[in-house]
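Presented below is the structure to which this report refers.
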Amino acid sequence: MRGQYCSSGIFLIVLTIFGLSSAQLSKLMPEEFPEDFIIHVGGGSSTGPSGTKWAVLVAGSMGYGNYRHQADVCHAYQILKTRGLKDENIIVFMYDDIAYDPENPRPGVIINKPDGPDVYHGVPKDYTGENVTAANLYAVILGDKSNLSGGSGKVLNSGPNDSVFIYYTDHGGPGIIGMPVGDFVYANDLVDVLIKKHEANAYKNMVFYLESCESGSMFQGLLPTNISIYATTAANATESSWGTYCPDMTPPPPPEYDTCLGDLYSISWMEDCDLELSQETLEEQYQKVKWRTINNTYGSHVTQFGNLQQTVDLLALYLGSTDNSSSIESKSSQSSLDVVDNRDADLLHLGTRSFQRAPAGSQKQQEAKKALDDEIASRQRIDHNINQIGQLVLGHASNSVRLGGQPLVDDWGCFKTLVKTYEQHCGSLSNYGMKHTRVFANMCNAGISVSKSLQRSSNLLDLQTFITVKSSTCKYPDRCLHLPVKIHNRSIIVPASASSLHRQLLSPCLAQAVAAVLTKSAR
């Protein structure tokens with residue numbers, strides 16, 4: 001379902017109709033992986049005092065328009081392989097649908113820069129297609145084979161002397177990063193998994209590089225400083241990250257490509273690694289990547305989290321080293337680049353395909369134009385829905401940002417409930433709509449609670465939804481009233497005396513939710 005318009009009050013009432021429980025969702029993690037299922041390694045995987053180097057590489061998207069994410073991960077693999085890491089210690093997540101996509105002008109080849117070589121050859125296919133999920137990622141990090149679903153079965157079987165490098169690239173939003181299948185990766189779940197890994201004494205030091213919009217929100221206020229993990233993110237908690245090597249930009253991809261080849265933060269750290277600076281520290285690379293990521297036509301603020309004492313460590317401790325120059329040559333890691341907001345890269349791809357590649361008036365051009373129009377319409381629907389919900393509950397402060405390095409939200413169960421309920425009844429947030437999740441977080445931070453009472457007679461389901469907002473945050477008293485509706489024979493009955501707000505409940509979103517409840521009640 002591409003998504004549909006929701007009226008102002010609908011989102012609040014469908015929460016209770018569908019019956020999602022904030023308390024249930026708040027414990028999605030880490031209870032799914034109880035302590036008994038965490039693999040405790042007693043050093044058997046180590047190869048000496050320095051231990052083994054492990055890596056987990058994740059491309060969290062799918063589709064040719066997201067070419068750059070899988071290209072980033074493939075490039076990262078080649079760097080690690082060249083620097084001496086073994087395939088048995090490198091775990092790769094990618095949907096693996098772009099190398100042989102009909103739109104790929106070089107079938108079986110993936111490049112990460114305009115004049116770059118093939119980075120796809122030899123990449124392990126550990127978790128691909130339907131197996132690229134948040135649950136599998138958590139199981140892999142924890143070394144928990146019992147909770148895997150499909151894939152190679154390879155897990156992060158690291159020990160107390162080992163170093164771990166995790167690299168994740170995808171779309172994101174406040175508190176979430178994407179996966180091509182199933183649930184988002186939520187910030188609290190990810191950090192909980194990392195904490196569990198530390199408690200299992202399953203690594204010595206870890207480095208986490210994260211590329212996504214609002215990627216700083218995944219660690220801000222959440223990642224402890226005392227669990228030997230150092231993380232950098234492509235952006236802070238409030239801004240977009242950027243794609244590069246895109247059509248009609250400088251430098252452009254080869255003329256036959258109509259998609260972006262890389263992400264700015266990602267190609268910055270990887271092209272720095274391609275230069276083979278064997279004595280470079282994490283701090284030195286951070287400064288180079290930070291400079292290159294902000295000094296462009298547009299840019300973002302690369303940010304550090306976790307144990308900053310690790311910044312004196314050599315990159316080679318995590319990424320390996322080699323005496324020879326990398327086969328992935330890099331002319332310069334300091335040049336500035338043209339970039340595009342990562343959320344608009346697909347529009348660039350669709351627009352290029354529509355208006356520059358397809359023959360004028362052809363069927364292909366018409367199909368491409370429709371795809372572009374559909375994407376724009378989908379964005380407009382999402383913006384409308386979220387803006388209406390935010391205005392109803394929070395007024396004009398729906399996108400306000402918490403200060404002082406606080407996490408995005410305190411009640412992650414509430415946050416997940418709102419995100420999941422929106423998607424179930426108003427359609428997918430999509431890569432674009434992920435930017436709106438701060439609205440849901442602010443609803444939870446404002447103290448909104450949702451409860452329900454369902455009473456059923458023979459042919460009538462009376463639904464009473466109670467929406468309660470703390471008095472200090474309720475700017476509009478009429479928005480804090482009970483919203484009564486009756487459902488009879490799958491029809492929504494709104495009293496004649498109902499306010500205009502109540503009447504707005506007659507939307508397709510509510511109709512779907514009502515049908516779901518009636519179907520469930522009839523069983």
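Labeling convention for the structure tokens: chains A, B, ... as they appear, residues from 1 per chain, ligands from 1 in order of appearance.
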
* For Gln287 (chain A): contacts at 12 Å, only C-alpha atoms, fewer than 6 positions along chain excluded, given as a PyMOL selection string -> chain A and resi 232+265+268-269+272+280-281+293-294+301-304+311+333-334

Would you mind exporting the chosen residues as a CSV table (one decimal), in the first residue's frame, restricted to all heavy atoms?
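part.csv written:
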```csv
chain,number,residue,atom,x,y,z
A,232,THR,N,30.9,6.8,14.9
A,232,THR,CA,30.7,8.1,14.2
A,232,THR,C,29.5,7.9,13.3
A,232,THR,O,29.2,6.8,12.8
A,232,THR,CB,32.0,8.5,13.4
A,232,THR,OG1,32.1,7.7,12.2
A,232,THR,CG2,33.2,8.4,14.2
A,265,TYR,N,29.5,10.7,3.3
A,265,TYR,CA,30.2,10.2,4.5
A,265,TYR,C,31.0,8.9,4.2
A,265,TYR,O,32.1,8.7,4.5
A,265,TYR,CB,29.3,10.1,5.6
A,265,TYR,CG,29.7,9.2,6.8
A,265,TYR,CD1,30.5,9.8,7.8
A,265,TYR,CD2,29.3,7.9,6.9
A,265,TYR,CE1,30.9,9.0,8.9
A,265,TYR,CE2,29.7,7.1,8.0
A,265,TYR,CZ,30.5,7.7,9.0
A,265,TYR,OH,30.9,6.9,10.1
A,268,SER,N,33.8,9.1,1.8
A,268,SER,CA,34.9,9.9,2.4
A,268,SER,C,35.8,9.0,3.3
A,268,SER,O,37.0,9.1,3.2
A,268,SER,CB,34.3,11.0,3.3
A,268,SER,OG,33.6,12.0,2.5
A,269,TRP,N,35.2,8.2,4.2
A,269,TRP,CA,36.1,7.3,5.0
A,269,TRP,C,36.7,6.2,4.2
A,269,TRP,O,37.9,5.8,4.4
A,269,TRP,CB,35.3,6.8,6.2
A,269,TRP,CG,34.3,5.7,6.1
A,269,TRP,CD1,33.0,5.8,6.0
A,269,TRP,CD2,34.6,4.3,6.0
A,269,TRP,NE1,32.4,4.5,5.9
A,269,TRP,CE2,33.4,3.6,5.9
A,269,TRP,CE3,35.8,3.5,6.0
A,269,TRP,CZ2,33.3,2.2,5.7
A,269,TRP,CZ3,35.7,2.1,5.8
A,269,TRP,CH2,34.5,1.5,5.7
A,272,ASP,N,39.5,7.5,2.0
A,272,ASP,CA,40.7,7.8,2.8
A,272,ASP,C,41.4,6.5,3.1
A,272,ASP,O,42.6,6.4,3.1
A,272,ASP,CB,40.2,8.4,4.2
A,272,ASP,CG,41.3,8.7,5.1
A,272,ASP,OD1,42.2,9.5,4.7
A,272,ASP,OD2,41.3,8.1,6.2
A,280,GLU,N,47.4,5.9,10.4
A,280,GLU,CA,46.4,6.9,10.7
A,280,GLU,C,45.5,6.4,11.9
A,280,GLU,O,45.2,5.2,12.0
A,280,GLU,CB,45.5,7.1,9.5
A,280,GLU,CG,44.4,8.2,9.6
A,280,GLU,CD,43.7,8.5,8.3
A,280,GLU,OE1,42.8,7.7,8.0
A,280,GLU,OE2,44.1,9.4,7.7
A,281,THR,N,45.1,7.3,12.8
A,281,THR,CA,44.3,7.0,13.9
A,281,THR,C,42.8,7.2,13.6
A,281,THR,O,42.5,7.9,12.6
A,281,THR,CB,44.7,7.8,15.1
A,281,THR,OG1,44.4,9.2,14.8
A,281,THR,CG2,46.1,7.7,15.5
A,293,THR,N,32.9,16.1,4.6
A,293,THR,CA,31.5,15.9,4.5
A,293,THR,C,30.7,17.2,4.7
A,293,THR,O,29.6,17.4,4.2
A,293,THR,CB,31.0,14.9,5.7
A,293,THR,OG1,31.7,13.7,5.5
A,293,THR,CG2,29.6,14.6,5.6
A,294,ILE,N,31.4,18.2,5.3
A,294,ILE,CA,30.7,19.5,5.5
A,294,ILE,C,31.1,20.5,4.4
A,294,ILE,O,30.4,21.5,4.1
A,294,ILE,CB,31.0,20.1,6.9
A,294,ILE,CG1,30.0,21.2,7.2
A,294,ILE,CG2,32.4,20.6,7.0
A,294,ILE,CD1,28.6,20.8,7.3
A,301,HIS,N,27.0,17.3,9.5
A,301,HIS,CA,28.0,17.3,10.6
A,301,HIS,C,28.3,15.9,11.1
A,301,HIS,O,27.5,15.4,11.9
A,301,HIS,CB,27.5,18.2,11.7
A,301,HIS,CG,27.3,19.6,11.3
A,301,HIS,ND1,26.1,20.0,10.7
A,301,HIS,CD2,28.1,20.7,11.4
A,301,HIS,CE1,26.2,21.3,10.4
A,301,HIS,NE2,27.4,21.8,10.9
A,302,VAL,N,29.4,15.4,10.7
A,302,VAL,CA,29.8,14.0,11.2
A,302,VAL,C,30.0,14.2,12.7
A,302,VAL,O,30.6,15.1,13.2
A,302,VAL,CB,31.1,13.6,10.5
A,302,VAL,CG1,31.6,12.2,11.1
A,302,VAL,CG2,30.8,13.4,9.0
A,303,THR,N,29.5,13.2,13.5
A,303,THR,CA,29.5,13.3,14.9
A,303,THR,C,30.0,12.0,15.6
A,303,THR,O,29.9,10.9,15.1
A,303,THR,CB,28.0,13.5,15.4
A,303,THR,OG1,27.5,14.6,14.6
A,303,THR,CG2,28.0,13.9,16.9
A,304,GLN,N,30.7,12.2,16.7
A,304,GLN,CA,31.3,11.1,17.5
A,304,GLN,C,30.4,10.8,18.7
A,304,GLN,O,29.9,11.6,19.3
A,304,GLN,CB,32.7,11.5,18.0
A,304,GLN,CG,33.7,11.7,16.9
A,304,GLN,CD,35.0,12.2,17.5
A,304,GLN,OE1,35.0,13.2,18.3
A,304,GLN,NE2,36.1,11.6,17.2
A,311,THR,N,39.8,7.0,20.2
A,311,THR,CA,40.2,7.8,19.0
A,311,THR,C,41.7,7.8,18.7
A,311,THR,O,42.1,8.1,17.6
A,311,THR,CB,39.7,9.2,19.0
A,311,THR,OG1,40.3,9.9,20.2
A,311,THR,CG2,38.2,9.3,19.1
A,333,SER,N,41.3,12.3,-1.2
A,333,SER,CA,40.3,12.2,-0.2
A,333,SER,C,39.9,13.5,0.3
A,333,SER,O,39.1,13.6,1.3
A,333,SER,CB,40.7,11.3,0.9
A,333,SER,OG,41.8,11.9,1.6
A,334,GLN,N,40.4,14.6,-0.3
A,334,GLN,CA,40.1,15.9,0.2
A,334,GLN,C,39.2,16.8,-0.7
A,334,GLN,O,38.9,17.9,-0.4
A,334,GLN,CB,41.4,16.6,0.6
A,334,GLN,CG,42.2,16.0,1.7
A,334,GLN,CD,41.4,15.9,3.0
A,334,GLN,OE1,40.8,16.9,3.4
A,334,GLN,NE2,41.4,14.8,3.7
```

May I have the residues within 9 Å of Met249 (chain A) as a compact mmCIF listing (two decimals) with C-alpha atoms, in the first residue's frame, using only C-alpha atoms and disregarding those fewer than 4 positions away in the same chain?
```
# COMPACT_ATOMS: atom_id res chain seq x y z
CA THR A 244 27.17 11.88 -4.29
CA TYR A 245 28.60 10.86 -7.67
CA PRO A 253 29.03 8.93 -12.88
CA LEU A 337 31.83 17.14 -4.32
CA ASP A 338 28.37 17.98 -5.57
CA VAL A 339 25.79 16.23 -3.41
```

* To do: Might you pull out every residue within 8 Å of region 102-119 of chain A, with only C-alpha atoms counted and same-chain residues fewer than 5 positions away left off, and present them as a list in words?
  =>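 These residues fall inside the cut-off: Tyr64, Arg68, Ala71, Asp72, Cys74, His75, Gln78, Tyr245, Pro251, Pro252, Pro253, Pro254, Glu256, Tyr257, Leu261, Gly262, Ile267, Ile328 and Glu329 of chain A.
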
Closest atom pairs, residues of region 72-167 of chain A within 7 Å of region 173-190 of chain A, only C-alpha atoms, as JSON lines:
```
{"residue": "A:Glu130", "atom": "CA", "partner": "A:Val181", "partner_atom": "CA", "distance": 6.1}
{"residue": "A:Val132", "atom": "CA", "partner": "A:Val181", "partner_atom": "CA", "distance": 6.3}
{"residue": "A:Thr133", "atom": "CA", "partner": "A:Val181", "partner_atom": "CA", "distance": 5.5}
{"residue": "A:Ala134", "atom": "CA", "partner": "A:Val185", "partner_atom": "CA", "distance": 5.6}
```

Go ahead and save the residues from that selection, with all heavy atoms, as a PDB file, in the first residue's frame.
```
ATOM      1  N   GLU A 130      15.100 -11.614   1.474  1.00  0.00           N
ATOM      2  CA  GLU A 130      14.182 -11.593   2.605  1.00  0.00           C
ATOM      3  C   GLU A 130      14.875 -11.831   3.945  1.00  0.00           C
ATOM      4  O   GLU A 130      14.249 -11.707   4.999  1.00  0.00           O
ATOM      5  CB  GLU A 130      13.097 -12.659   2.401  1.00  0.00           C
ATOM      6  CG  GLU A 130      12.227 -12.433   1.176  1.00  0.00           C
ATOM      7  CD  GLU A 130      11.452 -11.134   1.251  1.00  0.00           C
ATOM      8  OE1 GLU A 130      10.751 -10.915   2.255  1.00  0.00           O
ATOM      9  OE2 GLU A 130      11.564 -10.322   0.307  1.00  0.00           O
ATOM     10  N   VAL A 132      17.480 -10.077   4.998  1.00  0.00           N
ATOM     11  CA  VAL A 132      18.082  -8.830   5.488  1.00  0.00           C
ATOM     12  C   VAL A 132      17.063  -8.152   6.402  1.00  0.00           C
ATOM     13  O   VAL A 132      16.257  -7.329   5.978  1.00  0.00           O
ATOM     14  CB  VAL A 132      18.489  -7.910   4.326  1.00  0.00           C
ATOM     15  CG1 VAL A 132      19.196  -6.658   4.858  1.00  0.00           C
ATOM     16  CG2 VAL A 132      19.401  -8.648   3.350  1.00  0.00           C
ATOM     17  N   THR A 133      17.083  -8.531   7.669  1.00  0.00           N
ATOM     18  CA  THR A 133      16.105  -8.055   8.650  1.00  0.00           C
ATOM     19  C   THR A 133      16.782  -7.573   9.915  1.00  0.00           C
ATOM     20  O   THR A 133      17.931  -7.943  10.213  1.00  0.00           O
ATOM     21  CB  THR A 133      15.127  -9.183   9.032  1.00  0.00           C
ATOM     22  OG1 THR A 133      15.859 -10.223   9.719  1.00  0.00           O
ATOM     23  CG2 THR A 133      14.447  -9.772   7.811  1.00  0.00           C
ATOM     24  N   ALA A 134      16.055  -6.774  10.676  1.00  0.00           N
ATOM     25  CA  ALA A 134      16.568  -6.302  11.959  1.00  0.00           C
ATOM     26  C   ALA A 134      16.812  -7.472  12.904  1.00  0.00           C
ATOM     27  O   ALA A 134      17.829  -7.521  13.609  1.00  0.00           O
ATOM     28  CB  ALA A 134      15.587  -5.308  12.575  1.00  0.00           C
TER      29      ALA A 134
END
```

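For the choices A:Leu156, A:Leu394, A:Leu315, A:Leu210, the atom-to-atom distance to Leu264 (chain A) is smallest for A:Leu210 when using only C-alpha atoms.
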
* Taking the backbone alone, and naming residues the way the document does, which bits of region 165-340 of chain A are strand (DSSP E or B) by DSSP, as a PyMOL selection string? -> chain A and resi 165-169+172-173+176-177+185-186+205-211+229-233+242-244+262-263+281+303-306+314+339-340

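Rounded to one decimal, CA of His69 (chain A) and CA of Asn431 (chain A) lie 13.0 Å from each other.
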
* Structure fact -> Using only C-alpha atoms, the shortest atom-to-atom distance to Gly320 (chain A) among A:Ser215, A:Asn307, A:Ser278, A:Ser149 belongs to A:Ser278

* **Minimum-distance residue to Tyr95 (chain A), chosen among A:Arg379, A:Lys125, A:Lys196, A:Lys81 (using only C-alpha atoms)** =>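 Result for the nearest residue to Tyr95 (chain A): A:Lys125.
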
* CA of His121 (chain A) to CA of Ala231 (chain A), distance in Å rounded to a single decimal ->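 So the answer is 28.4 Å.
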